[in-house]
Each structure stands twice: as C-alpha cells, then as structure tokens.
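For reference, work.pdb (PDB, C-alpha atoms):
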```pdb
ATOM      1  CA  MET R   1      14.998 -36.051 -27.724
ATOM      2  CA  GLU R   2      13.762 -33.240 -29.990
ATOM      3  CA  ASN R   3      10.123 -34.067 -29.203
ATOM      4  CA  ASP R   4      10.876 -34.157 -25.485
ATOM      5  CA  PHE R   5      12.481 -30.709 -25.799
ATOM      6  CA  LYS R   6       9.433 -29.285 -27.560
ATOM      7  CA  ASP R   7       7.065 -30.932 -25.085
ATOM      8  CA  LEU R   8       8.959 -29.163 -22.290
ATOM      9  CA  LEU R   9       8.742 -25.772 -24.015
ATOM     10  CA  SER R  10       5.007 -26.251 -24.489
ATOM     11  CA  PHE R  11       4.440 -25.919 -20.740
ATOM     12  CA  PHE R  12       6.213 -22.572 -20.343
ATOM     13  CA  PHE R  13       4.043 -19.603 -19.368
ATOM     14  CA  GLU R  14       6.118 -17.333 -21.627
ATOM     15  CA  GLY R  15       5.596 -17.254 -25.352
ATOM     16  CA  ILE R  16       8.217 -19.389 -27.114
ATOM     17  CA  TYR R  17       8.571 -20.061 -30.815
ATOM     18  CA  ILE R  18      11.312 -21.523 -32.994
ATOM     19  CA  VAL R  19      12.226 -20.559 -36.543
ATOM     20  CA  ASP R  20      14.574 -22.146 -39.020
ATOM     21  CA  ILE R  21      17.396 -20.363 -40.828
ATOM     22  CA  ASN R  22      14.854 -18.672 -43.138
ATOM     23  CA  ARG R  23      12.692 -17.568 -40.191
ATOM     24  CA  LYS R  24       9.969 -20.100 -40.961
ATOM     25  CA  ILE R  25       8.057 -20.954 -37.793
ATOM     26  CA  ILE R  26       8.532 -24.612 -36.860
ATOM     27  CA  PHE R  27       7.347 -24.498 -33.235
ATOM     28  CA  TRP R  28       4.741 -22.378 -31.408
ATOM     29  CA  ASN R  29       3.904 -23.069 -27.766
ATOM     30  CA  SER R  30       0.716 -22.475 -25.771
ATOM     31  CA  GLY R  31       2.190 -19.323 -24.178
ATOM     32  CA  SER R  32       2.536 -17.862 -27.684
ATOM     33  CA  GLU R  33      -1.095 -18.709 -28.375
ATOM     34  CA  ARG R  34      -2.236 -17.023 -25.162
ATOM     35  CA  ILE R  35      -0.227 -13.825 -25.639
ATOM     36  CA  THR R  36      -0.805 -13.334 -29.386
ATOM     37  CA  GLY R  37      -4.208 -14.889 -29.984
ATOM     38  CA  TYR R  38      -2.797 -16.981 -32.855
ATOM     39  CA  LYS R  39      -3.208 -20.759 -32.645
ATOM     40  CA  ALA R  40      -0.258 -22.938 -33.630
ATOM     41  CA  GLU R  41      -2.022 -24.233 -36.737
ATOM     42  CA  GLU R  42      -2.446 -20.643 -37.975
ATOM     43  CA  VAL R  43       1.263 -19.829 -37.919
ATOM     44  CA  MET R  44       3.168 -23.091 -38.335
ATOM     45  CA  ASN R  45       5.291 -23.130 -41.498
ATOM     46  CA  GLU R  46       4.623 -19.425 -42.038
ATOM     47  CA  HIS R  47       7.461 -16.915 -41.979
ATOM     48  CA  CYS R  48       7.453 -14.784 -38.860
ATOM     49  CA  PHE R  49       7.779 -11.589 -40.918
ATOM     50  CA  ASN R  50       4.623 -12.310 -42.934
ATOM     51  CA  ASN R  51       2.024 -10.231 -41.113
ATOM     52  CA  ILE R  52       2.039 -12.267 -37.931
ATOM     53  CA  LEU R  53       3.689 -10.609 -34.921
ATOM     54  CA  ARG R  54       4.853  -7.481 -36.756
ATOM     55  CA  HIS R  55       7.000  -6.164 -33.888
ATOM     56  CA  VAL R  56       7.270  -2.387 -33.633
ATOM     57  CA  THR R  57       9.192  -0.116 -31.301
ATOM     58  CA  GLN R  58       7.659   2.544 -29.095
ATOM     59  CA  ASP R  59       8.007   5.130 -31.860
ATOM     60  CA  GLY R  60       6.275   2.840 -34.383
ATOM     61  CA  THR R  61       9.339   1.579 -36.242
ATOM     62  CA  ALA R  62       8.612  -1.825 -37.832
ATOM     63  CA  LEU R  63      11.310  -4.385 -37.005
ATOM     64  CA  CYS R  64      10.470  -7.322 -39.259
ATOM     65  CA  PHE R  65      12.425  -5.996 -42.240
ATOM     66  CA  GLY R  66      15.044  -3.984 -40.390
ATOM     67  CA  GLY R  67      16.334  -4.313 -36.843
ATOM     68  CA  CYS R  68      14.619  -7.614 -36.086
ATOM     69  CA  PRO R  69      16.315  -9.132 -32.990
ATOM     70  CA  LEU R  70      15.573 -12.654 -34.245
ATOM     71  CA  HIS R  71      17.122 -11.989 -37.665
ATOM     72  CA  HIS R  72      20.167 -10.421 -36.036
ATOM     73  CA  THR R  73      20.619 -13.489 -33.841
ATOM     74  CA  ILE R  74      20.506 -15.804 -36.871
ATOM     75  CA  GLN R  75      23.050 -13.649 -38.693
ATOM     76  CA  THR R  76      25.494 -13.127 -35.834
ATOM     77  CA  GLY R  77      24.821 -15.807 -33.215
ATOM     78  CA  GLU R  78      24.375 -13.119 -30.593
ATOM     79  CA  ILE R  79      21.683 -13.228 -27.935
ATOM     80  CA  ASN R  80      19.404 -10.210 -28.262
ATOM     81  CA  GLU R  81      16.859  -8.691 -25.904
ATOM     82  CA  ALA R  82      14.455  -5.824 -26.556
ATOM     83  CA  ASP R  83      11.211  -4.264 -25.376
ATOM     84  CA  VAL R  84       8.807  -4.185 -28.319
ATOM     85  CA  PHE R  85       5.102  -4.239 -29.143
ATOM     86  CA  LEU R  86       3.675  -7.224 -31.002
ATOM     87  CA  HIS R  87       0.514  -7.430 -33.046
ATOM     88  CA  HIS R  88      -2.301  -9.406 -31.405
ATOM     89  CA  LYS R  89      -4.677 -11.330 -33.645
ATOM     90  CA  ASP R  90      -7.513  -9.057 -32.487
ATOM     91  CA  GLY R  91      -5.621  -6.018 -33.749
ATOM     92  CA  HIS R  92      -4.250  -4.388 -30.604
ATOM     93  CA  ARG R  93      -0.634  -4.019 -29.579
ATOM     94  CA  VAL R  94       0.839  -6.001 -26.663
ATOM     95  CA  PRO R  95       3.973  -4.791 -24.812
ATOM     96  CA  VAL R  96       6.499  -7.637 -24.579
ATOM     97  CA  THR R  97      10.119  -8.214 -23.732
ATOM     98  CA  VAL R  98      11.652 -10.501 -26.347
ATOM     99  CA  LYS R  99      14.849 -12.487 -26.081
ATOM    100  CA  SER R 100      16.244 -14.322 -29.112
ATOM    101  CA  LEU R 101      18.806 -17.102 -28.873
ATOM    102  CA  PRO R 102      20.632 -18.932 -31.676
ATOM    103  CA  LEU R 103      19.813 -22.581 -32.374
ATOM    104  CA  ARG R 104      22.853 -24.652 -33.440
ATOM    105  CA  ASP R 105      23.395 -28.169 -34.747
ATOM    106  CA  ASP R 106      25.961 -30.635 -33.427
ATOM    107  CA  LYS R 107      28.641 -28.940 -35.550
ATOM    108  CA  ASP R 108      27.917 -25.563 -33.944
ATOM    109  CA  VAL R 109      26.351 -24.220 -37.149
ATOM    110  CA  ILE R 110      23.374 -21.883 -36.683
ATOM    111  CA  ILE R 111      20.246 -23.558 -38.046
ATOM    112  CA  GLY R 112      17.627 -21.220 -36.628
ATOM    113  CA  ALA R 113      16.665 -19.316 -33.515
ATOM    114  CA  ILE R 114      14.374 -19.391 -30.520
ATOM    115  CA  GLU R 115      12.431 -16.332 -29.411
ATOM    116  CA  VAL R 116      11.080 -16.087 -25.885
ATOM    117  CA  PHE R 117       8.653 -13.266 -25.171
ATOM    118  CA  THR R 118       7.092 -12.170 -21.918
ATOM    119  CA  ASP R 119       3.872 -10.202 -21.679
ATOM    120  CA  ASN R 120       4.867  -7.063 -19.754
ATOM    121  CA  ARG R 121       1.269  -6.529 -18.674
ATOM    122  CA  VAL R 122       1.608  -9.644 -16.517
ATOM    123  CA  PHE R 123       4.695  -8.190 -14.836
ATOM    124  CA  GLU R 124       2.937  -4.875 -14.291
ATOM    125  CA  GLY R 125      -0.021  -6.762 -12.845
ATOM    126  CA  ILE R 126       2.245  -8.613 -10.421
ATOM    127  CA  VAL R 127       3.851  -5.327  -9.382
ATOM    128  CA  LYS R 128       0.409  -3.819  -8.788
ATOM    129  CA  GLU R 129      -0.724  -6.865  -6.820
ATOM    130  CA  ASN R 130       2.416  -6.681  -4.683
ATOM    131  CA  ARG R 131       1.869  -2.972  -4.129
ATOM    132  CA  ASP R 132      -1.770  -3.533  -3.201
ATOM    133  CA  LEU R 133      -0.793  -6.351  -0.863
ATOM    134  CA  LYS R 134       1.846  -4.182   0.764
ATOM    135  CA  GLU R 135      -0.711  -1.441   1.319
ATOM    136  CA  LEU R 136      -3.215  -3.970   2.681
ATOM    137  CA  ILE R 137      -0.634  -5.227   5.163
ATOM    138  CA  SER R 138       0.863  -1.859   6.144
ATOM    139  CA  MET R 139      -2.024   0.642   5.888
ATOM    140  CA  ASP R 140      -4.943   1.164   8.215
ATOM    141  CA  SER R 141      -8.028   0.457   6.112
ATOM    142  CA  LEU R 142     -10.119   3.282   7.582
ATOM    143  CA  THR R 143      -7.697   6.193   7.820
ATOM    144  CA  GLN R 144      -5.289   5.169   5.025
ATOM    145  CA  ILE R 145      -2.239   5.920   7.138
ATOM    146  CA  PRO R 146       0.316   3.357   8.402
ATOM    147  CA  ASN R 147      -1.023   0.822  10.860
ATOM    148  CA  ARG R 148       0.483  -0.613  14.058
ATOM    149  CA  ARG R 149       2.265  -3.406  12.197
ATOM    150  CA  TYR R 150       4.016  -0.973   9.869
ATOM    151  CA  LEU R 151       4.911   1.376  12.735
ATOM    152  CA  ASP R 152       6.584  -1.459  14.652
ATOM    153  CA  PHE R 153       8.550  -2.410  11.525
ATOM    154  CA  TYR R 154       9.535   1.193  10.805
ATOM    155  CA  LEU R 155      10.680   1.832  14.376
ATOM    156  CA  GLU R 156      12.776  -1.338  14.422
ATOM    157  CA  ASN R 157      14.661  -0.155  11.339
ATOM    158  CA  LEU R 158      14.864   3.444  12.522
ATOM    159  CA  VAL R 159      16.646   2.326  15.696
ATOM    160  CA  LYS R 160      19.246   0.630  13.465
ATOM    161  CA  GLU R 161      19.702   3.941  11.626
ATOM    162  CA  VAL R 162      20.278   5.669  14.954
ATOM    163  CA  GLU R 163      23.023   3.182  15.778
ATOM    164  CA  GLN R 164      24.708   3.461  12.364
ATOM    165  CA  PHE R 165      24.264   7.128  11.438
ATOM    166  CA  ASP R 166      23.808   8.882  14.784
ATOM    167  CA  ILE R 167      20.449  10.403  13.872
ATOM    168  CA  LYS R 168      17.898  11.460  16.465
ATOM    169  CA  PHE R 169      14.119  11.115  16.562
ATOM    170  CA  GLY R 170      11.203  11.786  18.834
ATOM    171  CA  ILE R 171       7.738  10.321  19.280
ATOM    172  CA  LEU R 172       4.431  12.095  19.782
ATOM    173  CA  PHE R 173       1.524  10.081  21.137
ATOM    174  CA  PHE R 174      -1.967  11.473  20.368
ATOM    175  CA  ASP R 175      -5.360  10.545  21.755
ATOM    176  CA  ILE R 176      -8.654  12.125  20.679
ATOM    177  CA  ASP R 177     -10.352  13.679  23.671
ATOM    178  CA  ASP R 178     -13.821  12.385  24.628
ATOM    179  CA  PHE R 179     -14.082  10.248  21.505
ATOM    180  CA  LYS R 180     -16.661   7.984  23.160
ATOM    181  CA  HIS R 181     -18.909  11.023  23.487
ATOM    182  CA  VAL R 182     -18.642  11.607  19.720
ATOM    183  CA  ASN R 183     -19.675   8.028  18.985
ATOM    184  CA  ASP R 184     -22.508   8.090  21.535
ATOM    185  CA  THR R 185     -23.827  11.430  20.273
ATOM    186  CA  TYR R 186     -23.441  11.148  16.502
ATOM    187  CA  GLY R 187     -22.975   7.428  15.856
ATOM    188  CA  HIS R 188     -20.002   5.326  14.782
ATOM    189  CA  ASN R 189     -20.193   6.405  11.147
ATOM    190  CA  ILE R 190     -19.522   9.983  12.172
ATOM    191  CA  GLY R 191     -16.878   8.701  14.564
ATOM    192  CA  ASP R 192     -15.128   7.094  11.593
ATOM    193  CA  GLU R 193     -15.240  10.380   9.703
ATOM    194  CA  ILE R 194     -13.677  12.141  12.689
ATOM    195  CA  LEU R 195     -10.886   9.553  12.787
ATOM    196  CA  LYS R 196     -10.217  10.162   9.091
ATOM    197  CA  MET R 197     -10.302  13.937   9.584
ATOM    198  CA  VAL R 198      -7.803  13.835  12.452
ATOM    199  CA  SER R 199      -5.475  11.408  10.684
ATOM    200  CA  MET R 200      -5.392  13.493   7.512
ATOM    201  CA  THR R 201      -4.788  16.705   9.474
ATOM    202  CA  LEU R 202      -1.835  15.082  11.203
ATOM    203  CA  LYS R 203      -0.480  13.436   8.050
ATOM    204  CA  SER R 204      -0.779  16.577   5.931
ATOM    205  CA  ASN R 205       1.172  18.744   8.332
ATOM    206  CA  VAL R 206       4.402  16.883   8.959
ATOM    207  CA  ARG R 207       7.428  16.597   6.692
ATOM    208  CA  GLY R 208       7.894  13.861   4.135
ATOM    209  CA  VAL R 209      10.623  12.247   6.269
ATOM    210  CA  ASP R 210       8.236  11.896   9.218
ATOM    211  CA  VAL R 211       5.661   9.175   9.766
ATOM    212  CA  ILE R 212       2.139   9.463  11.153
ATOM    213  CA  GLY R 213       0.329   6.232  11.970
ATOM    214  CA  ARG R 214      -2.707   4.865  13.746
ATOM    215  CA  TRP R 215      -1.676   3.073  16.914
ATOM    216  CA  GLY R 216      -5.146   1.735  17.665
ATOM    217  CA  GLY R 217      -8.674   2.990  18.316
ATOM    218  CA  GLU R 218      -8.486   6.773  18.574
ATOM    219  CA  GLU R 219      -4.728   6.776  19.275
ATOM    220  CA  PHE R 220      -2.101   7.949  16.796
ATOM    221  CA  ILE R 221       1.655   8.403  16.928
ATOM    222  CA  ALA R 222       4.107  10.552  15.020
ATOM    223  CA  ILE R 223       7.710   9.468  14.495
ATOM    224  CA  LEU R 224       9.728  12.615  13.816
ATOM    225  CA  LYS R 225      13.378  12.953  12.853
ATOM    226  CA  LEU R 226      14.577  15.927  14.907
ATOM    227  CA  ASN R 227      17.143  16.840  17.521
ATOM    228  CA  SER R 228      15.458  18.155  20.657
ATOM    229  CA  THR R 229      12.360  18.335  22.835
ATOM    230  CA  ASP R 230      12.071  22.013  21.875
ATOM    231  CA  GLU R 231      11.503  21.032  18.232
ATOM    232  CA  LEU R 232       9.116  18.312  19.374
ATOM    233  CA  GLN R 233       7.146  20.869  21.381
ATOM    234  CA  ILE R 234       6.799  23.223  18.414
ATOM    235  CA  ILE R 235       5.484  20.478  16.109
ATOM    236  CA  SER R 236       3.214  19.101  18.815
ATOM    237  CA  GLU R 237       1.551  22.463  19.405
ATOM    238  CA  LYS R 238       1.168  23.069  15.676
ATOM    239  CA  LEU R 239      -0.613  19.750  15.205
ATOM    240  CA  ARG R 240      -2.757  20.221  18.312
ATOM    241  CA  ASN R 241      -3.943  23.626  17.100
ATOM    242  CA  LEU R 242      -4.655  22.373  13.591
ATOM    243  CA  VAL R 243      -6.786  19.491  14.877
ATOM    244  CA  GLN R 244      -8.635  21.826  17.225
ATOM    245  CA  ASN R 245      -9.483  24.054  14.272
ATOM    246  CA  SER R 246     -10.602  21.242  11.967
ATOM    247  CA  PHE R 247     -14.209  20.122  11.806
ATOM    248  CA  TYR R 248     -16.489  17.656  10.071
ATOM    249  CA  GLU R 249     -19.751  19.128   8.783
ATOM    250  CA  LYS R 250     -22.958  17.081   9.039
ATOM    251  CA  ASN R 251     -26.464  18.501   8.556
ATOM    252  CA  ASN R 252     -25.130  22.052   8.961
ATOM    253  CA  ILE R 253     -23.475  21.103  12.237
ATOM    254  CA  ASN R 254     -19.715  21.460  12.618
ATOM    255  CA  ILE R 255     -18.333  18.580  14.671
ATOM    256  CA  ASN R 256     -14.820  19.084  16.003
ATOM    257  CA  VAL R 257     -12.575  17.389  18.514
ATOM    258  CA  THR R 258      -9.366  18.076  20.382
ATOM    259  CA  ILE R 259      -6.353  15.890  21.064
ATOM    260  CA  SER R 260      -4.115  15.340  24.063
ATOM    261  CA  ILE R 261      -0.455  14.772  23.277
ATOM    262  CA  GLY R 262       2.589  13.328  24.985
ATOM    263  CA  GLY R 263       6.028  13.516  23.450
ATOM    264  CA  THR R 264       9.586  12.475  24.153
ATOM    265  CA  MET R 265      12.944  11.883  22.468
ATOM    266  CA  PHE R 266      14.326   8.389  21.883
ATOM    267  CA  GLN R 267      17.333   7.635  24.059
ATOM    268  CA  GLU R 268      20.007   5.388  22.553
ATOM    269  CA  ASP R 269      20.368   3.270  25.689
ATOM    270  CA  GLU R 270      16.693   2.270  25.822
ATOM    271  CA  ASP R 271      14.311  -0.025  24.021
ATOM    272  CA  VAL R 272      12.043   1.926  21.672
ATOM    273  CA  ASN R 273       9.023   0.451  23.475
ATOM    274  CA  GLU R 274      10.141   2.374  26.554
ATOM    275  CA  THR R 275      10.083   5.563  24.479
ATOM    276  CA  ILE R 276       6.541   4.834  23.309
ATOM    277  CA  HIS R 277       5.430   4.010  26.852
ATOM    278  CA  ARG R 278       6.915   7.271  28.143
ATOM    279  CA  ALA R 279       5.128   9.260  25.418
ATOM    280  CA  ASP R 280       1.902   7.428  26.260
ATOM    281  CA  GLN R 281       2.235   8.293  29.951
ATOM    282  CA  LEU R 282       2.945  11.933  29.111
ATOM    283  CA  MET R 283      -0.193  11.958  26.966
ATOM    284  CA  TYR R 284      -2.181  10.805  30.022
ATOM    285  CA  GLN R 285      -0.680  13.694  31.981
ATOM    286  CA  SER R 286      -2.139  16.012  29.343
ATOM    287  CA  LYS R 287      -5.521  14.327  29.852
ATOM    288  CA  GLN R 288      -5.329  14.699  33.612
ATOM    289  CA  ASN R 289      -4.315  18.343  33.320
ATOM    290  CA  GLY R 290      -7.430  19.295  31.350
ATOM    291  CA  LYS R 291      -7.048  17.738  27.862
ATOM    292  CA  ASN R 292      -6.317  19.557  24.581
ATOM    293  CA  GLN R 293      -2.687  20.152  25.510
ATOM    294  CA  SER R 294       0.832  18.820  25.008
ATOM    295  CA  THR R 295       3.222  17.437  27.598
ATOM    296  CA  ILE R 296       6.717  17.102  26.207
ATOM    297  CA  LYS R 297       9.706  15.832  28.262
TER     298      LYS R 297
END
```
Rendering of file as structure tokens:
Amino acid sequence: MENDFKDLLSFFFEGIYIVDINRKIIFWNSGSERITGYKAEEVMNEHCFNNILRHVTQDGTALCFGGCPLHHTIQTGEINEADVFLHHKDGHRVPVTVKSLPLRDDKDVIIGAIEVFTDNRVFEGIVKENRDLKELISMDSLTQIPNRRYLDFYLENLVKEVEQFDIKFGILFFDIDDFKHVNDTYGHNIGDEILKMVSMTLKSNVRGVDVIGRWGGEEFIAILKLNSTDELQIISEKLRNLVQNSFYEKNNININVTISIGGTMFQEDEDVNETIHRADQLMYQSKQNGKNQSTIK
C-alpha cells in the first residue's frame, strides 16, 4: 500500500517530498526534481534543512531554522501554506507556493510531513497564455482594437446591463471614405497603415468606458455609454474632425483620409442588430450627402 501511494505521488506535476519526524527526506518525486534541479538520489536520506531547498521569504529571511512551514506542521499538526523562494541546484531562486501537511500513523501520531510545492512561474505562464489567447480571439490583429467577435459579445452583455440598470448607450458607425482609392494609389501596405492610424485616432479619443472596434474592412463602430443623440453628435463630430486632421507620412507625402459616420441611440424595445443596421444606414446617408460628415438620428 505504501509503495502504491508513493508510485501515485511520483506522477504529480507538482513537487512533492516526504520527511520523517526529524525532517529527513524519505521520498522525492519527479516534480521535485524538475522544479529544484536535484535528483532523488542527491537528497534522499538528507535533512531538508541541510543546504538543499533553503526556503527564504521575499525579504530574504531564511526559514529552515526559524519559521519553516514544514517544521511547524510536524510540531503542531496544522496544515501550512506560504509563498516562498527555494534554492535551485543551479543557484537561482524559484518562486513557489508550498503547502505542508502532517503525516500520521494508524494511532494518529505525527510521524512526519508531506510538502507539496508549485512552481509559480508555471501559473504565471498559464495566465500569460490565457491573456494572449484572449487577445488573439478578441483583438483585430492589424489595428489592435476589438474585433467583430468581441463587439458582438460586448453588445450582448451591454443589452443585459440596460435591462438591469437602466443605462443608455449609442452606436456610431464609421466608414473610411474612398479607401479603395488609397489602396489603388499607394498600395495595400499603406492602406494598412491608414487603417491603423484611423483606429488609433478613434480609440485614443473616447472615454475608458467606451469601446471602439473594427467591424470589418474599413468599417469601425463605437459603443458609447451616453444619454442622448445630442451627446452622440458632439462625440461624432469630434472624432470626424480628428480623423480628418490626422495623416500618415510616406516619402515626404502626407496621406490623409476622411470618414463618414452614422449614429443612433439603442432603443430598449429593439434588437441591438436593428440599432447597428440603423447606424449603418445613417452612415450611408452621410456618404450620399457628400462624405466626411455625420448623420445622427
């Protein structure tokens, strides 16, 4: 039974080692080898406080001879958990979370302890991977602003907020005027730079509670928490003017574009796709009326 138990612990990804009542190491799994650099044969039958892991706190306090969670567990039977820094065989410090648990015999007498330690760098790596994946899924790769998928998700949840908290929001729909001409004249690489310039101008000039995203191609939308078409008109004209006065410089030539905008407020009795469609149609009115203007209703 004891061998089966140790065989099971050997497969854990975490570092796990067992000490007897005198803190002599009697088991050391493969996770411990991976995290510390010490092979089992190097530490077995050694005392854990003899220049092996040498746990220290963030301020450099050594724990082996005072404040050791493992020693405290053996003395009191309490489960202890702490964030510490262990000594790797190669000399560097590794951030770990350690948990020590008492080991008892069949008469409930403490005969040792088990320490489980997790490499916090792995956790941080997983967090980073999840963050990168989230950005990959939700961000437009060219402009680095939210993509269509994220905008759909955000709007779905925003409508729920409207129902629960009685907030109001409006949508602006933007389209770059004569963008095909830019691509035909300067090439698609310059066209990409123009898309990035417009997106950053829009993103940089709304509030933190508002969302600017790329709807597709040269189309963008803004989702703005406000109360009226008058406020929507003011923001729309500000953004239109800022885009008009932005430019991308290439070979001493300033390349600039304008945008046509349509905007409308979300109505509680409608599907949000109707709001987007109405803003889109109002944007086309701006196009038909001469471009580089806003139509807000």
- Between R:Tyr154, R:Phe85, R:Tyr186, R:Tyr284, single out the one closest to Phe173 (chain R), counting all atoms listed in the file. R:Tyr284
- Quick one: apply the PyMOL selection byres ((chain R and resi 194-205) around 10) to the file and drop the selected residues here as a ChimeraX atom specification. /R:142-145,174,176,179,182-183,188-193,206-208,210-214,217-222,235-236,238-240,242-248,255-259
- With all atoms listed in the file as the basis for distance, which of R:Thr36, R:Thr61, R:Asn241, R:Asn45 is at the shortest distance from Asp119 (chain R)?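 Checking each of R:Thr36, R:Thr61, R:Asn241, R:Asn45 against Asp119 (chain R), counting all atoms listed in the file, the winner is R:Thr36.
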- Top pick for closest residue to Thr57 (chain R), considering R:Asp175, R:Asp83, R:Glu14, R:Glu249 and counting only C-alpha atoms: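 Selected residue with least distance to Thr57 (chain R): R:Asp83.
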- Query: In Å, how far is it from CA of Gln233 (chain R) to CA of Glu274 (chain R)?
  - Reply: 19.4 Å
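The smallest atom-to-atom distance between Ala62 (chain R) and any of R:Val84, R:Lys39, R:Gln75, R:Leu101, using all atoms listed in the file, is found for R:Val84.
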Any chance you could work out the axis-aligned box around region 114-119 of chain R, listed atoms only, 6 Å on each side, giving centre and edge lengths in Å to one decimal, as lines of an AutoDock Vina configuration file?
```
center_x = 9.1
center_y = -14.8
center_z = -26.1
size_x = 22.5
size_y = 21.2
size_z = 20.8
```
- If we count only C-alpha atoms, what is near Phe117 (chain R) at a cut-off of 10 Å, once residues fewer than 4 positions away on the same chain are taken out, given as number ranges by chain? R: 13-17, 31-32, 35, 81-84, 86, 95-100
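Between CA of Ile253 (chain R) and CA of Gly187 (chain R) the interatomic distance comes to 14.2 Å.
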- Task: Would you work out the distance separating CA of Gly170 (chain R) from CA of Gln288 (chain R), expressed in Å to one decimal?
- Result: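 So the two atoms, CA of Gly170 (chain R) and CA of Gln288 (chain R), lie 22.4 Å apart.
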- Note on the structure: Phe49 (chain R) proximity check over R:Arg34, R:Arg121, R:His71, R:Arg148, using only C-alpha atoms: winner is R:His71
- Expected residue set, 12 Å radius at (15.0, 3.1, 11.8), only C-alpha atoms, as a PyMOL selection string: chain R and resi 150-170+209-211+223-225+266+272
- Would you please work out which residue, of R:Arg149, R:His72, R:Arg23, R:His92, is nearest to Met44 (chain R) when using only C-alpha atoms?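 Residue with the minimum atom-to-atom distance to Met44 (chain R): R:Arg23.
Residues matched by the PyMOL selection byres ((chain R and resi 76) around 12) in this file are Ile21, Pro69, Leu70, His71, His72, Thr73, Ile74, Gln75, Gly77, Glu78, Ile79, Asn80, Ser100, Leu101, Pro102, Leu103, Val109, Ile110, Ile111, Gly112 and Ala113 of chain R.
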- Item | Selection result of the PyMOL selection byres ((chain R and resi 229) around 9) on this file, as JSON, numbers by chain | {"R": [170, 226, 227, 228, 230, 231, 232, 233, 234, 263, 264, 265, 296, 297]}
